[in-house]
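Note: the block below is run32.txt and it holds compact mmCIF, N, CA and C atoms.
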# COMPACT_ATOMS: atom_id res chain seq x y z
N MET A 1 0.85 -1.18 0.00
CA MET A 1 0.00 0.00 0.00
C MET A 1 0.89 1.23 0.00
N PHE A 2 0.60 2.17 -0.86
CA PHE A 2 1.36 3.40 -0.97
C PHE A 2 0.44 4.60 -0.86
N SER A 3 0.93 5.66 -0.21
CA SER A 3 0.26 6.94 -0.38
C SER A 3 0.96 7.59 -1.57
N PHE A 4 0.25 8.45 -2.29
CA PHE A 4 0.86 9.02 -3.49
C PHE A 4 0.38 10.45 -3.74
N THR A 5 1.21 11.15 -4.50
CA THR A 5 0.87 12.45 -5.08
C THR A 5 1.15 12.32 -6.56
N LEU A 6 0.21 12.72 -7.40
CA LEU A 6 0.34 12.58 -8.85
C LEU A 6 -0.02 13.90 -9.52
N ASN A 7 0.96 14.50 -10.19
CA ASN A 7 0.74 15.75 -10.93
C ASN A 7 0.25 15.45 -12.33
N PHE A 8 -0.72 16.24 -12.81
CA PHE A 8 -1.30 16.04 -14.14
C PHE A 8 -0.42 16.66 -15.22
N GLY A 9 -0.47 16.06 -16.39
CA GLY A 9 0.17 16.67 -17.55
C GLY A 9 -0.53 17.97 -17.91
N ARG A 10 0.15 18.82 -18.65
CA ARG A 10 -0.38 20.15 -18.98
C ARG A 10 -1.70 20.08 -19.73
N LYS A 11 -1.84 19.14 -20.67
CA LYS A 11 -3.06 19.04 -21.47
C LYS A 11 -4.28 18.74 -20.60
N LEU A 12 -4.17 17.74 -19.73
CA LEU A 12 -5.28 17.41 -18.84
C LEU A 12 -5.56 18.55 -17.87
N ASN A 13 -4.50 19.14 -17.35
CA ASN A 13 -4.64 20.24 -16.39
C ASN A 13 -5.43 21.40 -16.99
N SER A 14 -5.18 21.70 -18.26
CA SER A 14 -5.87 22.82 -18.89
C SER A 14 -7.33 22.52 -19.21
N CYS A 15 -7.70 21.23 -19.25
CA CYS A 15 -9.09 20.84 -19.54
C CYS A 15 -9.99 20.91 -18.31
N ILE A 16 -9.43 20.77 -17.13
CA ILE A 16 -10.23 20.69 -15.91
C ILE A 16 -10.83 22.06 -15.61
N THR A 17 -12.09 22.05 -15.28
CA THR A 17 -12.78 23.28 -14.90
C THR A 17 -13.33 23.12 -13.49
N THR A 18 -13.56 24.23 -12.84
CA THR A 18 -14.11 24.17 -11.48
C THR A 18 -15.64 24.11 -11.51
N ASP A 19 -16.23 24.13 -12.69
CA ASP A 19 -17.69 24.11 -12.80
C ASP A 19 -18.30 22.82 -12.27
N ASN A 20 -17.62 21.70 -12.53
CA ASN A 20 -18.21 20.41 -12.18
C ASN A 20 -17.15 19.44 -11.65
N PRO A 21 -16.65 19.66 -10.42
CA PRO A 21 -15.62 18.77 -9.87
C PRO A 21 -15.99 17.29 -9.82
N PRO A 22 -17.27 16.91 -9.49
CA PRO A 22 -17.56 15.48 -9.45
C PRO A 22 -17.37 14.82 -10.81
N GLU A 23 -17.71 15.52 -11.86
CA GLU A 23 -17.54 14.98 -13.21
C GLU A 23 -16.06 14.72 -13.50
N TRP A 24 -15.19 15.65 -13.10
CA TRP A 24 -13.76 15.47 -13.35
C TRP A 24 -13.17 14.37 -12.48
N THR A 25 -13.66 14.23 -11.27
CA THR A 25 -13.21 13.13 -10.42
C THR A 25 -13.52 11.80 -11.09
N ASP A 26 -14.73 11.68 -11.63
CA ASP A 26 -15.14 10.45 -12.32
C ASP A 26 -14.31 10.22 -13.57
N ARG A 27 -14.08 11.27 -14.35
CA ARG A 27 -13.30 11.12 -15.59
C ARG A 27 -11.88 10.65 -15.29
N ILE A 28 -11.26 11.24 -14.29
CA ILE A 28 -9.88 10.87 -13.94
C ILE A 28 -9.85 9.44 -13.40
N ALA A 29 -10.83 9.08 -12.57
CA ALA A 29 -10.90 7.70 -12.06
C ALA A 29 -11.03 6.71 -13.22
N LYS A 30 -11.86 7.04 -14.21
CA LYS A 30 -12.02 6.14 -15.37
C LYS A 30 -10.71 6.00 -16.14
N ARG A 31 -9.99 7.11 -16.30
CA ARG A 31 -8.71 7.05 -17.00
C ARG A 31 -7.72 6.17 -16.25
N ILE A 32 -7.65 6.34 -14.93
CA ILE A 32 -6.73 5.53 -14.12
C ILE A 32 -7.13 4.06 -14.17
N ASN A 33 -8.42 3.78 -13.98
CA ASN A 33 -8.89 2.40 -14.01
C ASN A 33 -8.62 1.75 -15.37
N TYR A 34 -8.76 2.52 -16.45
CA TYR A 34 -8.48 1.99 -17.79
C TYR A 34 -7.00 1.60 -17.91
N HIS A 35 -6.11 2.51 -17.53
CA HIS A 35 -4.68 2.23 -17.68
C HIS A 35 -4.20 1.14 -16.72
N ILE A 36 -4.71 1.12 -15.51
CA ILE A 36 -4.36 0.04 -14.57
C ILE A 36 -4.94 -1.28 -15.07
N GLY A 37 -6.11 -1.21 -15.69
CA GLY A 37 -6.74 -2.41 -16.24
C GLY A 37 -5.93 -3.07 -17.33
N ASN A 38 -5.05 -2.32 -17.96
CA ASN A 38 -4.17 -2.88 -19.00
C ASN A 38 -2.93 -3.56 -18.42
N THR A 39 -2.82 -3.57 -17.09
CA THR A 39 -1.73 -4.29 -16.43
C THR A 39 -2.31 -5.57 -15.84
N THR A 40 -1.52 -6.31 -15.10
CA THR A 40 -2.02 -7.53 -14.48
C THR A 40 -2.32 -7.33 -12.99
N CYS A 41 -2.56 -6.09 -12.58
CA CYS A 41 -2.85 -5.81 -11.17
C CYS A 41 -4.09 -6.56 -10.71
N LYS A 42 -4.02 -7.10 -9.51
CA LYS A 42 -5.17 -7.78 -8.90
C LYS A 42 -5.48 -7.09 -7.58
N ASN A 43 -6.73 -7.14 -7.18
CA ASN A 43 -7.17 -6.53 -5.92
C ASN A 43 -6.71 -5.07 -5.83
N PHE A 44 -6.90 -4.35 -6.90
CA PHE A 44 -6.48 -2.96 -7.01
C PHE A 44 -7.39 -2.07 -6.15
N LYS A 45 -6.77 -1.29 -5.26
CA LYS A 45 -7.53 -0.37 -4.41
C LYS A 45 -7.05 1.04 -4.68
N LEU A 46 -7.99 1.97 -4.79
CA LEU A 46 -7.63 3.35 -5.10
C LEU A 46 -8.54 4.31 -4.36
N TRP A 47 -7.96 5.31 -3.75
CA TRP A 47 -8.68 6.40 -3.10
C TRP A 47 -7.90 7.67 -3.38
N PHE A 48 -8.58 8.73 -3.82
CA PHE A 48 -7.86 9.97 -4.05
C PHE A 48 -8.78 11.18 -3.92
N SER A 49 -8.16 12.31 -3.72
CA SER A 49 -8.86 13.59 -3.79
C SER A 49 -8.09 14.48 -4.74
N ILE A 50 -8.81 15.40 -5.39
CA ILE A 50 -8.18 16.33 -6.32
C ILE A 50 -7.90 17.63 -5.58
N GLU A 51 -6.72 18.16 -5.83
CA GLU A 51 -6.34 19.42 -5.19
C GLU A 51 -5.75 20.34 -6.26
N HIS A 52 -5.86 21.65 -6.03
CA HIS A 52 -5.28 22.62 -6.96
C HIS A 52 -4.22 23.43 -6.23
N SER A 53 -3.09 23.63 -6.89
CA SER A 53 -2.01 24.44 -6.33
C SER A 53 -1.74 25.62 -7.24
N GLU A 54 -1.53 26.76 -6.64
CA GLU A 54 -1.21 27.96 -7.41
C GLU A 54 0.25 28.00 -7.83
N LYS A 55 1.06 27.08 -7.32
CA LYS A 55 2.48 27.06 -7.68
C LYS A 55 2.64 26.84 -9.18
N GLU A 56 3.64 27.47 -9.74
CA GLU A 56 3.88 27.39 -11.17
C GLU A 56 4.05 25.94 -11.62
N ASP A 57 3.36 25.58 -12.68
CA ASP A 57 3.42 24.27 -13.33
C ASP A 57 2.85 23.10 -12.52
N ILE A 58 2.21 23.36 -11.39
CA ILE A 58 1.59 22.24 -10.68
C ILE A 58 0.11 22.17 -11.01
N GLY A 59 -0.67 23.16 -10.66
CA GLY A 59 -2.10 23.15 -10.97
C GLY A 59 -2.82 22.02 -10.25
N TYR A 60 -3.66 21.30 -10.99
CA TYR A 60 -4.43 20.20 -10.40
C TYR A 60 -3.54 18.97 -10.24
N HIS A 61 -3.75 18.26 -9.13
CA HIS A 61 -3.01 17.04 -8.85
C HIS A 61 -3.82 16.19 -7.88
N LEU A 62 -3.39 14.95 -7.70
CA LEU A 62 -4.09 14.00 -6.83
C LEU A 62 -3.27 13.71 -5.59
N HIS A 63 -3.98 13.47 -4.48
CA HIS A 63 -3.40 12.90 -3.27
C HIS A 63 -4.28 11.70 -2.92
N GLY A 64 -3.67 10.59 -2.52
CA GLY A 64 -4.49 9.45 -2.15
C GLY A 64 -3.66 8.25 -1.76
N PHE A 65 -4.29 7.08 -1.86
CA PHE A 65 -3.53 5.86 -1.63
C PHE A 65 -3.92 4.82 -2.66
N ILE A 66 -3.01 3.88 -2.87
CA ILE A 66 -3.18 2.88 -3.91
C ILE A 66 -2.55 1.57 -3.41
N ALA A 67 -3.19 0.47 -3.73
CA ALA A 67 -2.67 -0.85 -3.36
C ALA A 67 -3.01 -1.84 -4.47
N TRP A 68 -2.20 -2.86 -4.61
CA TRP A 68 -2.43 -3.90 -5.60
C TRP A 68 -1.64 -5.13 -5.22
N ASN A 69 -1.95 -6.24 -5.90
CA ASN A 69 -1.20 -7.49 -5.73
C ASN A 69 -0.56 -7.88 -7.06
N ASP A 70 0.56 -8.54 -6.99
CA ASP A 70 1.16 -9.22 -8.14
C ASP A 70 1.51 -8.32 -9.32
N GLU A 71 2.15 -7.23 -9.06
CA GLU A 71 2.62 -6.38 -10.16
C GLU A 71 3.80 -5.56 -9.68
N GLU A 72 4.68 -5.21 -10.60
CA GLU A 72 5.84 -4.40 -10.28
C GLU A 72 5.43 -2.94 -10.06
N VAL A 73 6.08 -2.28 -9.15
CA VAL A 73 5.80 -0.87 -8.87
C VAL A 73 5.98 -0.03 -10.13
N GLU A 74 7.00 -0.33 -10.92
CA GLU A 74 7.27 0.48 -12.12
C GLU A 74 6.13 0.38 -13.13
N THR A 75 5.48 -0.78 -13.22
CA THR A 75 4.35 -0.95 -14.13
C THR A 75 3.19 -0.06 -13.70
N VAL A 76 2.91 -0.03 -12.40
CA VAL A 76 1.83 0.81 -11.88
C VAL A 76 2.19 2.29 -12.05
N ARG A 77 3.44 2.62 -11.81
CA ARG A 77 3.92 4.00 -12.00
C ARG A 77 3.66 4.46 -13.45
N LYS A 78 4.03 3.63 -14.42
CA LYS A 78 3.82 3.98 -15.83
C LYS A 78 2.34 4.13 -16.17
N ALA A 79 1.51 3.24 -15.62
CA ALA A 79 0.07 3.30 -15.88
C ALA A 79 -0.54 4.59 -15.33
N LEU A 80 -0.15 4.98 -14.12
CA LEU A 80 -0.68 6.21 -13.53
C LEU A 80 -0.25 7.44 -14.33
N LYS A 81 1.01 7.46 -14.75
CA LYS A 81 1.49 8.60 -15.55
C LYS A 81 0.77 8.65 -16.90
N ALA A 82 0.54 7.50 -17.50
CA ALA A 82 -0.17 7.46 -18.79
C ALA A 82 -1.60 7.97 -18.63
N ALA A 83 -2.21 7.71 -17.49
CA ALA A 83 -3.60 8.13 -17.25
C ALA A 83 -3.76 9.64 -17.19
N VAL A 84 -2.75 10.35 -16.73
CA VAL A 84 -2.88 11.80 -16.55
C VAL A 84 -2.02 12.60 -17.52
N GLY A 85 -1.24 11.95 -18.34
CA GLY A 85 -0.41 12.65 -19.32
C GLY A 85 0.95 13.02 -18.75
N GLU A 86 1.88 13.24 -19.64
CA GLU A 86 3.25 13.52 -19.23
C GLU A 86 3.38 14.92 -18.65
N TRP A 87 4.02 15.00 -17.52
CA TRP A 87 4.29 16.27 -16.84
C TRP A 87 5.67 16.70 -17.27
N LYS A 88 5.77 17.72 -18.11
CA LYS A 88 7.03 18.05 -18.75
C LYS A 88 8.01 18.79 -17.85
N THR A 89 7.52 19.45 -16.81
CA THR A 89 8.38 20.31 -16.00
C THR A 89 9.50 19.57 -15.30
N ASN A 90 9.17 18.60 -14.48
CA ASN A 90 10.17 17.89 -13.68
C ASN A 90 9.71 16.44 -13.60
N LYS A 91 10.00 15.67 -14.63
CA LYS A 91 9.41 14.35 -14.82
C LYS A 91 9.58 13.42 -13.63
N GLN A 92 10.74 13.46 -12.98
CA GLN A 92 10.97 12.53 -11.87
C GLN A 92 10.09 12.87 -10.66
N CYS A 93 9.51 14.07 -10.64
CA CYS A 93 8.64 14.46 -9.52
C CYS A 93 7.15 14.37 -9.85
N GLN A 94 6.81 13.81 -11.01
CA GLN A 94 5.39 13.73 -11.37
C GLN A 94 4.61 12.83 -10.42
N LEU A 95 5.22 11.73 -10.00
CA LEU A 95 4.53 10.78 -9.13
C LEU A 95 5.43 10.43 -7.96
N ASN A 96 4.94 10.67 -6.77
CA ASN A 96 5.68 10.31 -5.56
C ASN A 96 4.92 9.22 -4.82
N PHE A 97 5.55 8.07 -4.66
CA PHE A 97 5.01 6.97 -3.87
C PHE A 97 5.70 6.97 -2.52
N LYS A 98 4.95 6.75 -1.46
CA LYS A 98 5.53 6.55 -0.13
C LYS A 98 4.81 5.38 0.52
N VAL A 99 5.58 4.44 1.06
CA VAL A 99 4.96 3.37 1.84
C VAL A 99 4.51 4.02 3.13
N ASN A 100 3.23 3.95 3.40
CA ASN A 100 2.67 4.73 4.49
C ASN A 100 1.64 3.90 5.27
N TRP A 101 2.10 2.93 6.00
CA TRP A 101 1.20 2.03 6.71
C TRP A 101 0.40 2.73 7.80
N ARG A 102 0.95 3.79 8.39
CA ARG A 102 0.27 4.47 9.48
C ARG A 102 -1.08 5.06 9.08
N HIS A 103 -1.18 5.55 7.85
CA HIS A 103 -2.36 6.31 7.45
C HIS A 103 -3.38 5.51 6.66
N ILE A 104 -3.14 4.24 6.43
CA ILE A 104 -4.04 3.47 5.58
C ILE A 104 -5.42 3.34 6.20
N GLN A 105 -5.49 2.90 7.45
CA GLN A 105 -6.79 2.71 8.07
C GLN A 105 -7.54 4.04 8.16
N THR A 106 -6.85 5.10 8.48
CA THR A 106 -7.47 6.42 8.55
C THR A 106 -8.01 6.82 7.17
N ALA A 107 -7.22 6.60 6.13
CA ALA A 107 -7.66 6.96 4.78
C ALA A 107 -8.88 6.16 4.36
N ILE A 108 -8.90 4.87 4.72
CA ILE A 108 -10.06 4.04 4.36
C ILE A 108 -11.30 4.53 5.11
N LYS A 109 -11.16 4.85 6.39
CA LYS A 109 -12.30 5.37 7.15
C LYS A 109 -12.77 6.70 6.57
N GLN A 110 -11.81 7.57 6.24
CA GLN A 110 -12.17 8.87 5.66
C GLN A 110 -12.92 8.68 4.35
N SER A 111 -12.52 7.67 3.58
CA SER A 111 -13.17 7.46 2.29
C SER A 111 -14.64 7.10 2.48
N TYR A 112 -14.96 6.37 3.56
CA TYR A 112 -16.36 6.03 3.81
C TYR A 112 -17.17 7.30 4.06
N TYR A 113 -16.67 8.17 4.91
CA TYR A 113 -17.37 9.42 5.20
C TYR A 113 -17.37 10.32 3.97
N ALA A 114 -16.27 10.32 3.22
CA ALA A 114 -16.12 11.21 2.07
C ALA A 114 -17.07 10.84 0.94
N LEU A 115 -17.52 9.60 0.89
CA LEU A 115 -18.42 9.19 -0.18
C LEU A 115 -19.70 10.01 -0.17
N LYS A 116 -20.00 10.63 0.96
CA LYS A 116 -21.22 11.43 1.08
C LYS A 116 -20.99 12.89 0.68
N LEU A 117 -19.72 13.26 0.45
CA LEU A 117 -19.42 14.64 0.06
C LEU A 117 -19.81 14.87 -1.40
N PRO A 118 -20.12 16.11 -1.77
CA PRO A 118 -20.59 16.36 -3.13
C PRO A 118 -19.53 16.27 -4.22
N PHE A 119 -18.23 16.43 -3.89
CA PHE A 119 -17.24 16.40 -4.96
C PHE A 119 -15.83 16.18 -4.42
N GLY A 120 -14.92 15.93 -5.37
CA GLY A 120 -13.50 15.96 -5.06
C GLY A 120 -12.87 14.67 -4.58
N LEU A 121 -13.68 13.66 -4.26
CA LEU A 121 -13.11 12.42 -3.75
C LEU A 121 -13.59 11.22 -4.55
N TYR A 122 -12.71 10.22 -4.64
CA TYR A 122 -13.07 9.00 -5.33
C TYR A 122 -12.53 7.82 -4.55
N ALA A 123 -13.33 6.78 -4.44
CA ALA A 123 -12.87 5.51 -3.86
C ALA A 123 -13.44 4.39 -4.72
N ASN A 124 -12.60 3.43 -5.09
CA ASN A 124 -13.13 2.34 -5.90
C ASN A 124 -13.87 1.33 -5.03
N HIS A 125 -14.44 0.32 -5.68
CA HIS A 125 -15.35 -0.62 -5.00
C HIS A 125 -14.71 -1.35 -3.82
N LEU A 126 -13.47 -1.82 -4.00
CA LEU A 126 -12.80 -2.55 -2.91
C LEU A 126 -12.59 -1.65 -1.69
N VAL A 127 -12.23 -0.40 -1.93
CA VAL A 127 -12.02 0.53 -0.81
C VAL A 127 -13.35 0.83 -0.12
N LYS A 128 -14.41 1.01 -0.89
CA LYS A 128 -15.72 1.27 -0.28
C LYS A 128 -16.14 0.11 0.62
N SER A 129 -15.92 -1.11 0.15
CA SER A 129 -16.28 -2.29 0.96
C SER A 129 -15.49 -2.31 2.26
N GLU A 130 -14.18 -2.07 2.16
CA GLU A 130 -13.35 -2.07 3.36
C GLU A 130 -13.74 -0.93 4.29
N ALA A 131 -14.06 0.22 3.72
CA ALA A 131 -14.45 1.38 4.52
C ALA A 131 -15.72 1.08 5.30
N ARG A 132 -16.66 0.42 4.67
CA ARG A 132 -17.90 0.06 5.38
C ARG A 132 -17.60 -0.87 6.56
N MET A 133 -16.68 -1.82 6.33
CA MET A 133 -16.31 -2.76 7.38
C MET A 133 -15.71 -2.01 8.58
N TYR A 134 -14.77 -1.09 8.31
CA TYR A 134 -14.18 -0.31 9.39
C TYR A 134 -15.21 0.56 10.09
N TYR A 135 -16.09 1.15 9.31
CA TYR A 135 -17.11 2.02 9.87
C TYR A 135 -18.00 1.23 10.83
N GLU A 136 -18.44 0.05 10.40
CA GLU A 136 -19.31 -0.78 11.25
C GLU A 136 -18.58 -1.19 12.53
N THR A 137 -17.31 -1.56 12.42
CA THR A 137 -16.53 -1.96 13.59
C THR A 137 -16.43 -0.81 14.59
N ILE A 138 -16.11 0.37 14.09
CA ILE A 138 -15.99 1.55 14.97
C ILE A 138 -17.33 1.90 15.59
N ARG A 139 -18.38 1.90 14.80
CA ARG A 139 -19.72 2.25 15.30
C ARG A 139 -20.18 1.25 16.36
N ASN A 140 -19.99 -0.03 16.10
CA ASN A 140 -20.42 -1.05 17.06
C ASN A 140 -19.61 -0.97 18.36
N GLY A 141 -18.29 -0.70 18.24
CA GLY A 141 -17.46 -0.54 19.43
C GLY A 141 -17.89 0.66 20.26
N SER A 142 -18.23 1.74 19.59
CA SER A 142 -18.69 2.95 20.30
C SER A 142 -20.01 2.69 21.02
N LYS A 143 -20.93 1.99 20.37
CA LYS A 143 -22.22 1.66 20.99
C LYS A 143 -22.02 0.79 22.24
N ALA A 144 -21.11 -0.20 22.14
CA ALA A 144 -20.84 -1.08 23.28
C ALA A 144 -20.26 -0.30 24.45
N LYS A 145 -19.38 0.65 24.19
CA LYS A 145 -18.81 1.46 25.26
C LYS A 145 -19.87 2.34 25.92
N LEU A 146 -20.76 2.86 25.12
CA LEU A 146 -21.83 3.71 25.67
C LEU A 146 -22.77 2.91 26.57
N ARG A 147 -23.02 1.66 26.21
CA ARG A 147 -23.91 0.82 27.00
C ARG A 147 -23.30 0.45 28.36
N SER A 148 -21.97 0.30 28.42
CA SER A 148 -21.34 -0.15 29.66
C SER A 148 -20.97 0.96 30.60
What is this structure when it is put down as structure tokens?
Amino acid sequence: MFSFTLNFGRKLNSCITTDNPPEWTDRIAKRINYHIGNTTCKNFKLWFSIEHSEKEDIGYHLHGFIAWNDEEVETVRKALKAAVGEWKTNKQCQLNFKVNWRHIQTAIKQSYYALKLPFGLYANHLVKSEARMYYETIRNGSKAKLRS
């Protein structure tokens, strides 16, 4: 499981508008799922939010987490870059992966709550299922503590 930051290529960045963020979240998710689907990744999990930076040449980018089984990191790296287009400014900084075990459970729980937000977040089916499981565990534990 990795946390990641992914900068968009200039062409995609210039297409994104603030008029309809949920639509762009869906479009980007479809692009990523398409390119990852062309690899042999299994049990692929993805959660991300879109953010905008005023810094020169950054613009829109993703923050999130990603997990998979049975594939090389470099293959997933290439698929993610292909999904958002080449970032010409500083290519080695387009995608940053960090192994981040501390924040995984928190990110999954946040994704469950975030699914109710109107825009800006995406979680695929496997993450939604896991998020529901964590949510139920936390809710049931809280109820038990209140009763005792």
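As for atom C of Glu130 in chain A and atom C of Tyr60 in chain A, they are spaced 26.7 Å apart.
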Calculated over all atoms listed in the file, which of the candidates A:Glu71, A:Glu23, A:Glu51, A:Glu136 has the smallest distance to Thr39 in chain A?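 Closest to Thr39 in chain A, using all atoms listed in the file: A:Glu71.
For the residues A:Thr25, A:Thr18, A:Asn124, A:Asn69, ranking by smallest atom-to-atom distance to Asn43 in chain A using all atoms listed in the file places A:Asn69 first.
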Quick one: residues within 6 Å of Val99 in chain A, all atoms listed in the file, excluding same-chain residues fewer than 2 positions away - as a PDB file with N, CA and C atoms, in the coordinates of the input?
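Wrote it out as selection.pdb, contents follow:
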ATOM      1  N   MET A   1       0.850  -1.180   0.000  1.00  0.00           N
ATOM      2  CA  MET A   1       0.000   0.000   0.000  1.00  0.00           C
ATOM      3  C   MET A   1       0.890   1.230   0.000  1.00  0.00           C
ATOM      4  N   PHE A   2       0.600   2.170  -0.860  1.00  0.00           N
ATOM      5  CA  PHE A   2       1.360   3.400  -0.970  1.00  0.00           C
ATOM      6  C   PHE A   2       0.440   4.600  -0.860  1.00  0.00           C
ATOM      7  N   SER A   3       0.930   5.660  -0.210  1.00  0.00           N
ATOM      8  CA  SER A   3       0.260   6.940  -0.380  1.00  0.00           C
ATOM      9  C   SER A   3       0.960   7.590  -1.570  1.00  0.00           C
ATOM     10  N   PHE A  97       5.550   8.070  -4.660  1.00  0.00           N
ATOM     11  CA  PHE A  97       5.010   6.970  -3.870  1.00  0.00           C
ATOM     12  C   PHE A  97       5.700   6.970  -2.520  1.00  0.00           C
ATOM     13  N   TRP A 101       2.100   2.930   6.000  1.00  0.00           N
ATOM     14  CA  TRP A 101       1.200   2.030   6.710  1.00  0.00           C
ATOM     15  C   TRP A 101       0.400   2.730   7.800  1.00  0.00           C
TER      16      TRP A 101
END
Rank A:Cys41, A:Ala29, A:Ile50, A:Cys15 by their smallest atom-to-atom distance to Gly64 in chain A, using only C-alpha atoms, and report the top residue only.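 Ranking A:Cys41, A:Ala29, A:Ile50, A:Cys15 by distance to Gly64 in chain A, first place goes to A:Ile50.
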Just checking: using all atoms listed in the file, which residue out of A:Asn7, A:Thr17, A:His63, A:Gly85 ends up closest to Phe48 in chain A? A:His63
Proximity to Asp57 in chain A - best of A:Arg10, A:Asp70, A:Phe44, A:Thr75, only N, CA and C atoms: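 Comparing A:Arg10, A:Asp70, A:Phe44, A:Thr75 against Asp57 in chain A, the winner is A:Arg10.
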Rank nothing, just name the residue among A:Glu86, A:Ala123, A:Gln94, A:Thr137 nearest to Gly9 in chain A, using all atoms listed in the file. A:Glu86
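If you look at CA of Ile58 in chain A and CA of Phe8 in chain A, they are 7.7 Å away from each other.
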Between CA of Lys11 in chain A and atom C of Arg77 in chain A, what is the spacing in Å?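 CA of Lys11 in chain A lies at a distance of 17.9 Å from atom C of Arg77 in chain A.
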